[in-house]
file target-v5.txt (compact mmCIF, C-alpha atoms and all ligand atoms)
# COMPACT_ATOMS: atom_id res chain seq x y z
CA MET A 159 0.00 0.00 0.00
CA ARG A 160 1.12 3.55 -0.66
CA THR A 161 0.43 6.88 1.02
CA ARG A 162 -1.74 8.93 -1.31
CA ILE A 163 -2.61 12.62 -1.14
CA ILE A 164 -6.40 12.61 -1.55
CA GLY A 165 -7.19 16.27 -0.85
CA THR A 166 -5.47 19.63 -0.51
CA GLY A 167 -6.31 22.98 1.04
CA SER A 168 -4.63 26.26 1.85
CA CYS A 169 -5.25 29.58 3.54
CA LEU A 170 -3.46 32.91 3.20
CA PRO A 171 -4.01 35.92 5.49
CA GLU A 172 -6.26 38.66 4.13
CA THR A 173 -3.76 41.50 4.00
CA VAL A 174 -1.57 41.88 0.90
CA VAL A 175 1.74 43.72 1.31
CA THR A 176 3.41 44.61 -1.99
CA ASN A 177 7.08 45.33 -2.63
CA GLU A 178 6.00 48.92 -3.20
CA ASP A 179 4.40 48.98 0.29
CA LEU A 180 7.70 47.76 1.80
CA SER A 181 9.66 50.42 -0.07
CA GLN A 182 7.61 53.02 1.84
CA ILE A 183 8.89 51.77 5.19
CA MET A 184 12.47 50.60 4.43
CA ASP A 185 15.31 51.19 2.01
CA THR A 186 14.29 48.71 -0.70
CA SER A 187 12.51 48.70 -4.06
CA ASP A 188 10.18 46.58 -6.14
CA GLU A 189 12.98 46.40 -8.71
CA TRP A 190 15.49 44.87 -6.22
CA ILE A 191 13.07 42.39 -4.66
CA SER A 192 11.42 41.19 -7.86
CA SER A 193 14.61 40.95 -9.92
CA ARG A 194 16.59 39.14 -7.16
CA THR A 195 13.82 36.83 -5.96
CA GLY A 196 10.71 36.88 -8.20
CA ILE A 197 8.59 37.97 -5.20
CA ARG A 198 6.07 40.77 -5.89
CA GLU A 199 3.84 40.61 -2.85
CA ARG A 200 3.18 38.52 0.23
CA ARG A 201 0.34 38.18 2.77
CA LEU A 202 0.96 39.14 6.38
CA VAL A 203 -1.20 38.35 9.41
CA LYS A 204 -3.10 40.96 11.40
CA GLU A 205 -5.64 39.01 13.46
CA GLU A 206 -4.87 35.58 11.98
CA THR A 207 -2.67 33.08 13.82
CA THR A 208 -0.72 30.00 12.77
CA ALA A 209 -3.56 27.89 14.19
CA SER A 210 -6.39 29.86 12.56
CA LEU A 211 -4.74 29.67 9.12
CA SER A 212 -4.08 25.96 9.70
CA VAL A 213 -7.67 25.20 10.67
CA THR A 214 -9.05 26.86 7.53
CA ALA A 215 -6.48 25.09 5.31
CA ALA A 216 -7.31 21.78 7.03
CA LYS A 217 -11.08 22.20 6.55
CA ARG A 218 -10.54 22.95 2.86
CA ALA A 219 -8.31 19.87 2.44
CA MET A 220 -10.84 17.66 4.26
CA GLU A 221 -13.67 18.98 2.09
CA ASN A 222 -11.56 18.40 -1.02
CA ALA A 223 -10.82 14.83 0.15
CA GLY A 224 -14.37 14.14 1.34
CA VAL A 225 -13.05 13.13 4.76
CA SER A 226 -14.70 13.91 8.11
CA ALA A 227 -12.92 14.88 11.34
CA GLN A 228 -13.82 11.50 12.85
CA GLU A 229 -11.88 9.69 10.14
CA ILE A 230 -8.59 11.42 10.95
CA ASP A 231 -6.15 9.27 12.94
CA LEU A 232 -3.12 11.54 12.90
CA ILE A 233 -2.39 15.29 12.57
CA ILE A 234 1.14 16.52 11.94
CA VAL A 235 2.00 20.20 11.46
CA GLY A 236 5.38 21.31 10.12
CA THR A 237 5.99 24.73 11.65
CA ILE A 238 8.61 26.90 13.34
CA THR A 239 6.09 29.59 14.30
CA GLY A 240 3.43 27.88 16.38
CA ASP A 241 1.38 30.27 18.49
CA TYR A 242 2.40 28.46 21.67
CA VAL A 243 5.40 26.37 22.71
CA THR A 244 2.69 24.13 24.08
CA PRO A 245 0.03 23.21 23.04
CA SER A 246 1.34 22.33 19.60
CA THR A 247 -0.35 23.79 16.53
CA ALA A 248 -1.45 20.25 15.68
CA CYS A 249 -3.30 19.99 19.01
CA GLU A 250 -4.96 23.36 18.39
CA VAL A 251 -6.06 22.12 14.96
CA GLN A 252 -7.34 18.86 16.44
CA ALA A 253 -9.45 20.77 18.98
CA ALA A 254 -10.89 23.18 16.41
CA LEU A 255 -11.80 20.33 14.03
CA GLY A 256 -13.18 18.05 16.75
CA ALA A 257 -10.86 15.31 15.42
CA ASP A 258 -10.84 13.67 18.82
CA ARG A 259 -9.61 10.26 17.61
CA ALA A 260 -6.39 11.76 16.23
CA ALA A 261 -2.91 11.87 17.75
CA ALA A 262 -1.42 15.29 17.04
CA PHE A 263 2.07 16.79 17.13
CA ASP A 264 4.28 19.36 15.40
CA ILE A 265 7.54 18.85 13.53
CA ASN A 266 10.31 21.43 13.31
CA ALA A 267 12.17 20.94 10.04
CA ALA A 268 11.86 24.60 8.96
CA CYS A 269 11.23 24.91 5.21
CA SER A 270 11.26 21.11 4.83
CA GLY A 271 8.55 20.77 7.51
CA PHE A 272 5.75 19.65 5.20
CA MET A 273 8.00 17.10 3.51
CA PHE A 274 9.10 15.70 6.87
CA ALA A 275 5.43 15.57 7.94
CA LEU A 276 4.56 13.66 4.76
CA HIS A 277 7.37 11.17 5.28
CA THR A 278 6.45 10.72 8.96
CA ALA A 279 2.79 10.13 8.11
CA ASP A 280 3.89 7.64 5.44
CA ALA A 281 5.94 5.70 8.02
CA TYR A 282 2.94 5.55 10.41
CA LEU A 283 0.52 4.52 7.66
CA LYS A 284 2.88 1.79 6.43
CA THR A 285 2.86 0.15 9.88
CA GLY A 286 -0.92 -0.15 9.60
CA MET A 287 -1.28 1.77 12.85
CA TYR A 288 -3.17 4.62 11.17
CA LYS A 289 -5.19 4.88 7.98
CA THR A 290 -5.86 8.59 7.43
CA ALA A 291 -3.66 11.54 8.32
CA LEU A 292 -3.91 15.30 8.02
CA ILE A 293 -0.55 16.95 7.34
CA LEU A 294 0.16 20.66 7.24
CA GLY A 295 2.86 23.25 6.75
CA ALA A 296 1.89 26.49 8.49
CA GLU A 297 3.76 29.66 9.38
CA THR A 298 3.35 33.20 10.61
CA LEU A 299 6.95 34.07 9.82
CA SER A 300 6.32 37.80 9.98
CA LYS A 301 6.46 37.62 13.79
CA ILE A 302 10.06 36.31 13.76
CA MET A 303 11.37 38.82 11.21
CA ASP A 304 13.62 41.73 12.09
CA TRP A 305 11.75 44.44 10.19
CA SER A 306 14.88 46.59 10.17
CA ASP A 307 16.83 43.88 8.26
CA ARG A 308 15.86 44.44 4.64
CA SER A 309 18.01 41.54 3.42
CA THR A 310 15.71 39.00 5.13
CA CYS A 311 12.30 40.45 6.01
CA VAL A 312 11.28 41.19 2.41
CA LEU A 313 11.56 37.52 1.47
CA PHE A 314 9.03 35.91 3.78
CA GLY A 315 5.24 35.69 4.10
CA ASP A 316 2.53 34.01 6.20
CA GLY A 317 0.13 31.18 5.32
CA ALA A 318 -0.85 27.53 5.72
CA GLY A 319 -1.23 24.53 3.42
CA ALA A 320 -2.73 21.12 4.18
CA ALA A 321 -3.17 17.69 2.66
CA VAL A 322 -5.16 14.63 3.65
CA VAL A 323 -3.28 11.38 3.05
CA ARG A 324 -4.58 7.84 3.12
CA SER A 325 -3.31 4.32 2.33
CA ASP A 326 -4.16 3.44 -1.26
CA GLU A 327 -2.95 1.51 -4.32
CA VAL A 328 -1.03 4.52 -5.73
CA GLY A 329 0.64 7.47 -4.01
CA LEU A 330 4.10 8.11 -2.61
CA LEU A 331 6.53 6.25 -4.88
CA ALA A 332 9.85 7.30 -3.32
CA TYR A 333 11.31 9.79 -0.93
CA ASP A 334 14.59 11.20 0.26
CA GLN A 335 15.19 13.29 3.34
CA GLY A 336 18.31 14.55 5.03
CA SER A 337 19.84 17.03 7.42
CA ASP A 338 23.20 18.74 7.85
CA GLY A 339 23.31 20.26 11.31
CA THR A 340 26.94 21.29 10.82
CA ARG A 341 25.72 24.07 8.53
CA GLY A 342 22.68 25.00 10.65
CA MET A 343 23.97 28.40 11.76
CA VAL A 344 23.50 29.92 8.29
CA LEU A 345 19.77 30.27 9.01
CA THR A 346 18.79 30.82 12.63
CA CYS A 347 16.15 32.15 14.98
CA ARG A 348 17.22 31.76 18.62
CA ASN A 349 14.76 30.64 21.28
CA ARG A 350 14.76 32.05 24.84
CA LYS A 351 18.16 32.03 26.53
CA ASN A 352 18.81 30.18 29.82
CA ASN A 353 16.98 32.04 32.55
CA ASN A 354 16.73 30.62 36.07
CA PRO A 355 18.02 31.36 39.59
CA LEU A 356 21.51 30.22 38.48
CA VAL A 357 21.75 32.03 35.17
CA GLN A 358 20.20 35.45 34.73
CA ASN A 359 19.32 36.54 31.23
CA PRO A 360 16.83 39.23 30.44
CA THR A 361 13.92 37.77 28.49
CA ASP A 362 14.86 38.44 24.92
CA PHE A 363 13.57 36.99 21.70
CA SER A 364 15.77 36.97 18.67
CA TYR A 365 14.71 37.27 15.05
CA THR A 366 15.52 35.36 11.89
CA GLN A 367 19.04 35.77 10.58
CA MET A 368 20.14 34.29 7.28
CA ASP A 369 23.34 34.11 5.30
CA GLY A 370 21.38 34.17 2.05
CA GLN A 371 24.25 33.27 -0.22
CA GLU A 372 25.21 30.17 1.79
CA VAL A 373 21.61 28.98 1.83
CA TYR A 374 21.39 29.67 -1.89
CA LYS A 375 24.50 27.54 -2.61
CA PHE A 376 23.15 24.74 -0.40
CA ALA A 377 19.81 24.78 -2.23
CA VAL A 378 21.12 24.72 -5.79
CA THR A 379 23.50 21.84 -5.08
CA THR A 380 21.45 19.66 -2.70
CA VAL A 381 18.00 19.90 -4.29
CA PRO A 382 18.87 18.60 -7.79
CA LYS A 383 20.76 15.66 -6.23
CA SER A 384 17.85 14.82 -3.95
CA ILE A 385 15.37 15.03 -6.83
CA LYS A 386 17.49 12.79 -9.09
CA LYS A 387 17.75 10.31 -6.23
CA VAL A 388 13.99 10.00 -5.69
CA ILE A 389 13.23 9.74 -9.39
CA ALA A 390 15.77 6.90 -9.74
CA GLN A 391 14.39 5.20 -6.61
CA ALA A 392 10.90 5.33 -8.11
CA GLY A 393 12.24 3.59 -11.23
CA LEU A 394 11.38 6.63 -13.37
CA THR A 395 13.26 9.09 -15.56
CA ILE A 396 13.15 12.90 -15.44
CA ASP A 397 10.86 12.89 -18.50
CA ASP A 398 8.23 10.87 -16.62
CA ILE A 399 7.68 13.76 -14.18
CA ASP A 400 4.78 16.11 -14.97
CA TYR A 401 5.46 18.79 -12.35
CA PHE A 402 8.18 19.77 -9.93
CA ALA A 403 6.61 21.56 -6.94
CA LEU A 404 9.53 23.07 -5.04
CA HIS A 405 9.83 25.14 -1.89
CA GLN A 406 9.27 28.73 -2.96
CA ALA A 407 12.35 30.60 -1.74
CA ASN A 408 13.67 32.33 -4.84
CA ILE A 409 12.84 32.11 -8.56
CA ARG A 410 16.56 31.97 -9.30
CA ILE A 411 16.89 28.80 -7.21
CA ILE A 412 13.99 27.22 -9.13
CA GLN A 413 15.53 28.25 -12.48
CA SER A 414 18.91 26.87 -11.45
CA VAL A 415 17.39 23.53 -10.33
CA ALA A 416 15.46 23.29 -13.64
CA LYS A 417 18.67 23.93 -15.57
CA ARG A 418 20.70 21.42 -13.57
CA LEU A 419 18.02 18.78 -14.18
CA GLY A 420 17.70 19.70 -17.86
CA VAL A 421 13.95 20.27 -17.50
CA SER A 422 11.84 23.10 -18.92
CA GLU A 423 10.88 25.76 -16.34
CA ASP A 424 7.28 25.26 -17.54
CA LYS A 425 7.19 22.12 -15.38
CA PHE A 426 7.95 24.19 -12.25
CA PRO A 427 4.75 25.89 -11.07
CA THR A 428 5.33 28.84 -8.73
CA SER A 429 3.46 30.78 -6.09
CA LEU A 430 6.31 32.90 -4.76
CA ASP A 431 5.31 35.97 -6.79
CA HIS A 432 2.18 36.40 -4.62
CA CYS A 433 3.16 34.45 -1.47
CA GLY A 434 6.88 35.03 -0.90
CA ASN A 435 8.70 32.34 1.04
CA ILE A 436 6.35 30.71 3.60
CA SER A 437 8.83 28.09 4.83
CA ALA A 438 7.01 24.82 5.64
CA ALA A 439 3.79 26.09 4.04
CA SER A 440 5.26 26.77 0.58
CA VAL A 441 4.99 23.25 -0.87
CA PRO A 442 1.43 22.42 0.29
CA ILE A 443 0.12 25.86 -0.73
CA LEU A 444 1.63 25.43 -4.20
CA LEU A 445 0.22 21.91 -4.46
CA ASP A 446 -3.23 23.19 -3.51
CA GLU A 447 -3.01 26.00 -6.06
CA ILE A 448 -2.20 23.64 -8.93
CA ASN A 449 -4.82 21.17 -7.72
CA ARG A 450 -7.54 23.84 -7.67
CA LYS A 451 -6.50 25.12 -11.10
CA GLY A 452 -7.31 21.61 -12.38
CA LEU A 453 -3.72 21.03 -13.50
CA ILE A 454 -3.41 17.68 -11.71
CA LYS A 455 -4.77 14.70 -13.62
CA PRO A 456 -5.00 11.08 -12.42
CA GLY A 457 -1.82 9.12 -13.11
CA MET A 458 0.42 12.20 -13.15
CA LYS A 459 3.75 12.00 -11.36
CA ILE A 460 4.82 15.00 -9.31
CA VAL A 461 8.08 15.73 -7.53
CA LEU A 462 7.76 17.66 -4.26
CA SER A 463 10.86 19.15 -2.67
CA GLY A 464 11.46 21.27 0.42
CA PHE A 465 14.76 22.65 1.73
CA GLY A 466 16.04 25.17 4.24
CA GLY A 467 16.74 25.72 7.93
CA GLY A 468 18.51 23.00 9.88
CA LEU A 469 19.85 22.59 7.27
CA THR A 470 17.25 20.10 6.06
CA TRP A 471 15.86 18.80 2.79
CA GLY A 472 13.17 16.39 1.71
CA SER A 473 11.95 15.28 -1.71
CA ALA A 474 9.29 12.86 -2.88
CA VAL A 475 7.79 11.48 -6.07
CA ILE A 476 4.04 11.03 -5.85
CA GLU A 477 1.58 9.50 -8.26
CA VAL A 478 -1.77 11.27 -7.99
O1 LIG B 1 13.59 29.26 2.97
C1 LIG B 1 14.92 29.07 3.35
C2 LIG B 1 15.74 29.05 2.19
N1 LIG B 1 16.19 30.40 1.91
C3 LIG B 1 16.73 30.62 0.74
O2 LIG B 1 16.78 29.73 -0.08
C4 LIG B 1 17.35 31.99 0.48
C5 LIG B 1 18.51 31.82 -0.45
N2 LIG B 1 19.18 33.08 -0.75
C6 LIG B 1 18.69 34.00 -1.61
O3 LIG B 1 17.62 33.81 -2.15
C7 LIG B 1 19.50 35.21 -1.92
O4 LIG B 1 20.83 35.04 -1.42
C8 LIG B 1 18.91 36.55 -1.35
C9 LIG B 1 17.63 36.89 -2.10
C10 LIG B 1 18.63 36.36 0.14
C11 LIG B 1 19.90 37.69 -1.53
O5 LIG B 1 20.25 37.84 -2.89
P1 LIG B 1 21.76 38.12 -3.30
O6 LIG B 1 21.78 38.26 -4.76
O7 LIG B 1 22.58 37.03 -2.67
O8 LIG B 1 22.03 39.55 -2.63
P2 LIG B 1 23.13 39.95 -1.56
O9 LIG B 1 22.76 39.43 -0.23
O10 LIG B 1 24.49 39.62 -2.10
O11 LIG B 1 23.00 41.52 -1.54
C12 LIG B 1 23.36 42.31 -2.67
C13 LIG B 1 23.17 43.76 -2.35
C14 LIG B 1 23.83 44.21 -1.05
O12 LIG B 1 24.34 45.51 -1.27
P3 LIG B 1 25.91 45.76 -1.58
O13 LIG B 1 26.62 45.18 -0.39
O14 LIG B 1 26.18 45.00 -2.84
O15 LIG B 1 25.97 47.23 -1.72
C15 LIG B 1 22.70 44.29 -0.08
O16 LIG B 1 22.93 45.24 0.94
O17 LIG B 1 21.76 44.04 -2.20
C16 LIG B 1 21.56 44.75 -0.95
N3 LIG B 1 20.24 44.38 -0.43
C17 LIG B 1 19.13 45.05 -0.73
N4 LIG B 1 18.88 46.11 -1.49
C18 LIG B 1 17.60 46.51 -1.61
C19 LIG B 1 19.95 43.35 0.39
N5 LIG B 1 18.63 43.32 0.62
C20 LIG B 1 18.09 44.35 -0.06
C21 LIG B 1 16.79 44.84 -0.21
N6 LIG B 1 16.59 45.92 -1.01
N7 LIG B 1 15.72 44.25 0.38
call {"tool": "encode", "arguments": {"input": "target-v5.txt", "output": "structure tokens", "more": "lines below"}}
Ligand code: UT7
result
Amino acid sequence: MRTRIIGTGSCLPETVVTNEDLSQIMDTSDEWISSRTGIRERRLVKEETTASLSVTAAKRAMENAGVSAQEIDLIIVGTITGDYVTPSTACEVQAALGADRAAAFDINAACSGFMFALHTADAYLKTGMYKTALILGAETLSKIMDWSDRSTCVLFGDGAGAAVVRSDEVGLLAYDQGSDGTRGMVLTCRNRKNNNPLVQNPTDFSYTQMDGQEVYKFAVTTVPKSIKKVIAQAGLTIDDIDYFALHQANIRIIQSVAKRLGVSEDKFPTSLDHCGNISAASVPILLDEINRKGLIKPGMKIVLSGFGGGLTWGSAVIEV
């Protein structure tokens, strides 16, 4: 049996912030952001939370799959921006959906979070322990941005994407995931420092810091290798793949991966122009967008690939 994605959903916050809007509050321009990254606008939260975006995305995915809350055995959310340290976002989603049969937990694999959630759900489903899982990538990254650091804050956005997966005849054909903690410090957001009667630290919260060029080099070398690996594992060739749905960090990364694989950019759908980089939520939001546009037909083979903080990466070939 294979783990099959049977429904998708997504939710973006209401408020659109364009590059032009950002250029009013910091020293940047639409020209710089769009030419260096392909991003034109992003959505940022006002009242929405990671959990509220997740719940809406989840309901849409469940409706798309025709699955009720009672059928869900497992909920996994890939996120680095849960609203609470505890409860997890997955537990908040479980409560809001009334999915009281489900076990629920979050995964921190940064931009690879949805891919790690998919692989984890697959492992559970393969044991026969669970039959139906709800997996999400959800972020409100705007709250961990330093809005005085133009090199990072302009890149990111907020949103949530979800998928319902179930054991079936077709589905996940192959996957690859990996981590390289030795390079983790190129993309960081520090948690609270030690603070107790022995060690006094003022309560301070740090913001996201990224060595963009190092992350860029990591992405354009690791992602093509990981994609080639999963395609070979699935017993397929590059030409058998209908779409490559990659983490949406930078259009230049996507173009470079397409070139290194020798594949037309037409096979790489994008959402980064209107979403920016939404870390763990990028892949499921993109998948939902192409699903709702009717671009996914039965029998198609799609490569999914996430990469980023940790450093981490995860790729999969799915048959839909
Ligand atoms: O999701 C996790 C994965 N993350 C990624 O994959 C990110 C990967 N990295 C990237 O996408 C790119 O490295 C960036 C988009 C982050 C940066 O692009 P870059 O071409 O590497 O630019 P840079 O950092 O080398 O900066 C070039 C110049 C600098 O000015 P000087 O030193 O040449 O005078 C920056 O100060 O651009 C300047 N700059 C800006 N100018 C206007 C940096 N940010 C901005 C800005 N607006 N927002």
call {"tool": "axis_aligned_box", "arguments": {"input": "target-v5.txt", "around": "ligand LIG 1 (chain B)", "padding_each_side": "3 Å", "output": "lines of an AutoDock Vina configuration file"}}
result
center_x = 20.1
center_y = 38.1
center_z = -0.7
size_x = 19.0
size_y = 24.2
size_z = 14.1
call {"tool": "residues_near_ligand", "arguments": {"input": "target-v5.txt", "ligand": "ligand LIG 1 (chain B)", "cutoff": "8 Å", "atoms": "all atoms listed in the file", "output": "ChimeraX atom specification"}}
result
/A:185-187,190-191,194-195,268-269,307-313,345,368-375,377,405-408,410-411,435-437,465-467
call {"tool": "residues_around", "arguments": {"input": "target-v5.txt", "residues": "A:Glu172", "least_positions_apart": "3", "cutoff": "10 Å", "atoms": "all atoms listed in the file", "output": "short mmCIF file (atom, residue, chain, number, x, y, z; two decimals) with C-alpha atoms, in the coordinates of the input"}}
result
data_model
loop_
_atom_site.label_atom_id
_atom_site.label_comp_id
_atom_site.auth_asym_id
_atom_site.auth_seq_id
_atom_site.Cartn_x
_atom_site.Cartn_y
_atom_site.Cartn_z
CA CYS A 169 -5.25 29.58 3.54
CA VAL A 175 1.74 43.72 1.31
CA ARG A 201 0.34 38.18 2.77
CA LEU A 202 0.96 39.14 6.38
CA VAL A 203 -1.20 38.35 9.41
CA LYS A 204 -3.10 40.96 11.40
CA GLU A 205 -5.64 39.01 13.46
CA GLU A 206 -4.87 35.58 11.98
CA GLY A 317 0.13 31.18 5.32
#
call {"tool": "residues_around", "arguments": {"input": "target-v5.txt", "residues": "A:Cys433", "least_positions_apart": "2", "cutoff": "7 Å", "atoms": "all atoms listed in the file", "output": "count of residues only"}}
result
8
call {"tool": "closest_residue", "arguments": {"input": "target-v5.txt", "among": "A:Ser193, A:Ser440, A:Thr239, A:Thr166", "to": "A:Ala223", "atoms": "all atoms listed in the file"}}
result
A:Thr166
call {"tool": "residues_around", "arguments": {"input": "target-v5.txt", "residues": "A:Ile238", "least_positions_apart": "5", "cutoff": "8 Å", "atoms": "all atoms listed in the file", "output": "list in words"}}
result
Asn266, Ala267, Ala268 and Glu297 of chain A
call {"tool": "residues_around", "arguments": {"input": "target-v5.txt", "residues": "A:Leu404", "least_positions_apart": "6", "cutoff": "9 Å", "atoms": "all atoms listed in the file", "output": "JSON, numbers by chain"}}
result
{"A": [412, 426, 427, 428, 440, 441, 444, 461, 462, 463, 464, 465, 473]}
call {"tool": "closest_residue", "arguments": {"input": "target-v5.txt", "among": "A:Leu180, A:Val388, A:Leu211, A:Leu294", "to": "A:Gly165", "atoms": "all atoms listed in the file"}}
result
A:Leu294
call {"tool": "residues_around", "arguments": {"input": "target-v5.txt", "residues": "A:Asp326", "least_positions_apart": "2", "cutoff": "10 Å", "atoms": "only C-alpha atoms", "output": "ChimeraX atom specification"}}
result
/A:159-164,289,323-324,328-330
call {"tool": "atom_distance", "arguments": {"input": "target-v5.txt", "atom1": "atom CA of A:Glu477", "atom2": "atom CA of A:Met458"}}
result
5.7 Å
call {"tool": "atom_distance", "arguments": {"input": "target-v5.txt", "atom1": "atom CA of A:Thr285", "atom2": "atom CA of A:Asp231"}}
result
13.2 Å
call {"tool": "atom_distance", "arguments": {"input": "target-v5.txt", "atom1": "atom CA of A:Leu419", "atom2": "atom CA of A:Thr395"}}
result
10.9 Å
call {"tool": "closest_residue", "arguments": {"input": "target-v5.txt", "among": "A:Met273, A:Ile409, A:Ala227, A:Leu170", "to": "A:Arg259", "atoms": "only C-alpha atoms"}}
result
A:Ala227
call {"tool": "closest_residue", "arguments": {"input": "target-v5.txt", "among": "A:Met184, A:Asn177, A:Arg218, A:Glu250", "to": "A:Gly196", "atoms": "all atoms listed in the file"}}
result
A:Asn177
call {"tool": "closest_residue", "arguments": {"input": "target-v5.txt", "among": "A:Asn353, A:Gln335, A:Ser192, A:Ser364", "to": "A:Thr278", "atoms": "all atoms listed in the file"}}
result
A:Gln335
call {"tool": "build_atoms", "arguments": {"input": "target-v5.txt", "residues": "stretch 404-411 of chain A", "atoms": "all heavy atoms", "output": "CSV table (one decimal), in the frame of the given file"}}
result
chain,number,residue,atom,x,y,z
A,404,LEU,N,8.4,22.8,-6.0
A,404,LEU,CA,9.5,23.1,-5.0
A,404,LEU,C,9.2,24.1,-4.0
A,404,LEU,O,8.3,25.0,-4.2
A,404,LEU,CB,10.7,23.6,-5.8
A,404,LEU,CG,11.8,22.6,-6.3
A,404,LEU,CD1,11.1,21.5,-7.1
A,404,LEU,CD2,12.8,23.3,-7.2
A,405,HIS,N,9.9,24.1,-2.9
A,405,HIS,CA,9.8,25.1,-1.9
A,405,HIS,C,10.1,26.5,-2.6
A,405,HIS,O,11.0,26.6,-3.4
A,405,HIS,CB,10.9,24.9,-0.8
A,405,HIS,CG,11.0,26.0,0.1
A,405,HIS,ND1,10.0,26.7,0.7
A,405,HIS,CD2,12.1,26.7,0.6
A,405,HIS,CE1,10.4,27.6,1.5
A,405,HIS,NE2,11.7,27.7,1.4
A,406,GLN,N,9.3,27.5,-2.2
A,406,GLN,CA,9.3,28.7,-3.0
A,406,GLN,C,10.1,29.8,-2.2
A,406,GLN,O,9.6,30.6,-1.5
A,406,GLN,CB,7.8,29.2,-3.1
A,406,GLN,CG,6.9,28.3,-3.8
A,406,GLN,CD,7.2,28.2,-5.3
A,406,GLN,OE1,6.9,29.2,-6.0
A,406,GLN,NE2,7.7,27.1,-5.8
A,407,ALA,N,11.5,29.7,-2.4
A,407,ALA,CA,12.4,30.6,-1.7
A,407,ALA,C,12.8,31.7,-2.7
A,407,ALA,O,12.9,32.9,-2.3
A,407,ALA,CB,13.6,29.9,-1.2
A,408,ASN,N,13.1,31.3,-3.9
A,408,ASN,CA,13.7,32.3,-4.8
A,408,ASN,C,13.5,31.8,-6.3
A,408,ASN,O,13.9,30.6,-6.5
A,408,ASN,CB,15.2,32.6,-4.5
A,408,ASN,CG,15.8,33.7,-5.3
A,408,ASN,OD1,15.4,33.9,-6.4
A,408,ASN,ND2,16.7,34.4,-4.6
A,409,ILE,N,13.0,32.6,-7.2
A,409,ILE,CA,12.8,32.1,-8.6
A,409,ILE,C,14.2,31.7,-9.2
A,409,ILE,O,14.2,30.8,-10.0
A,409,ILE,CB,12.1,33.2,-9.4
A,409,ILE,CG1,11.6,32.6,-10.8
A,409,ILE,CG2,13.0,34.4,-9.7
A,409,ILE,CD1,10.5,31.6,-10.6
A,410,ARG,N,15.3,32.3,-8.7
A,410,ARG,CA,16.6,32.0,-9.3
A,410,ARG,C,17.0,30.6,-8.9
A,410,ARG,O,17.7,29.9,-9.6
A,410,ARG,CB,17.6,33.0,-8.9
A,410,ARG,CG,17.4,34.4,-9.6
A,410,ARG,CD,18.5,35.3,-9.4
A,410,ARG,NE,18.6,35.8,-8.0
A,410,ARG,CZ,19.7,35.9,-7.3
A,410,ARG,NH1,20.9,35.7,-7.8
A,410,ARG,NH2,19.6,36.3,-6.0
A,411,ILE,N,16.6,30.2,-7.6
A,411,ILE,CA,16.9,28.8,-7.2
A,411,ILE,C,16.1,27.8,-8.1
A,411,ILE,O,16.6,26.8,-8.6
A,411,ILE,CB,16.5,28.6,-5.7
A,411,ILE,CG1,17.4,29.4,-4.8
A,411,ILE,CG2,16.6,27.1,-5.3
A,411,ILE,CD1,17.1,29.4,-3.3
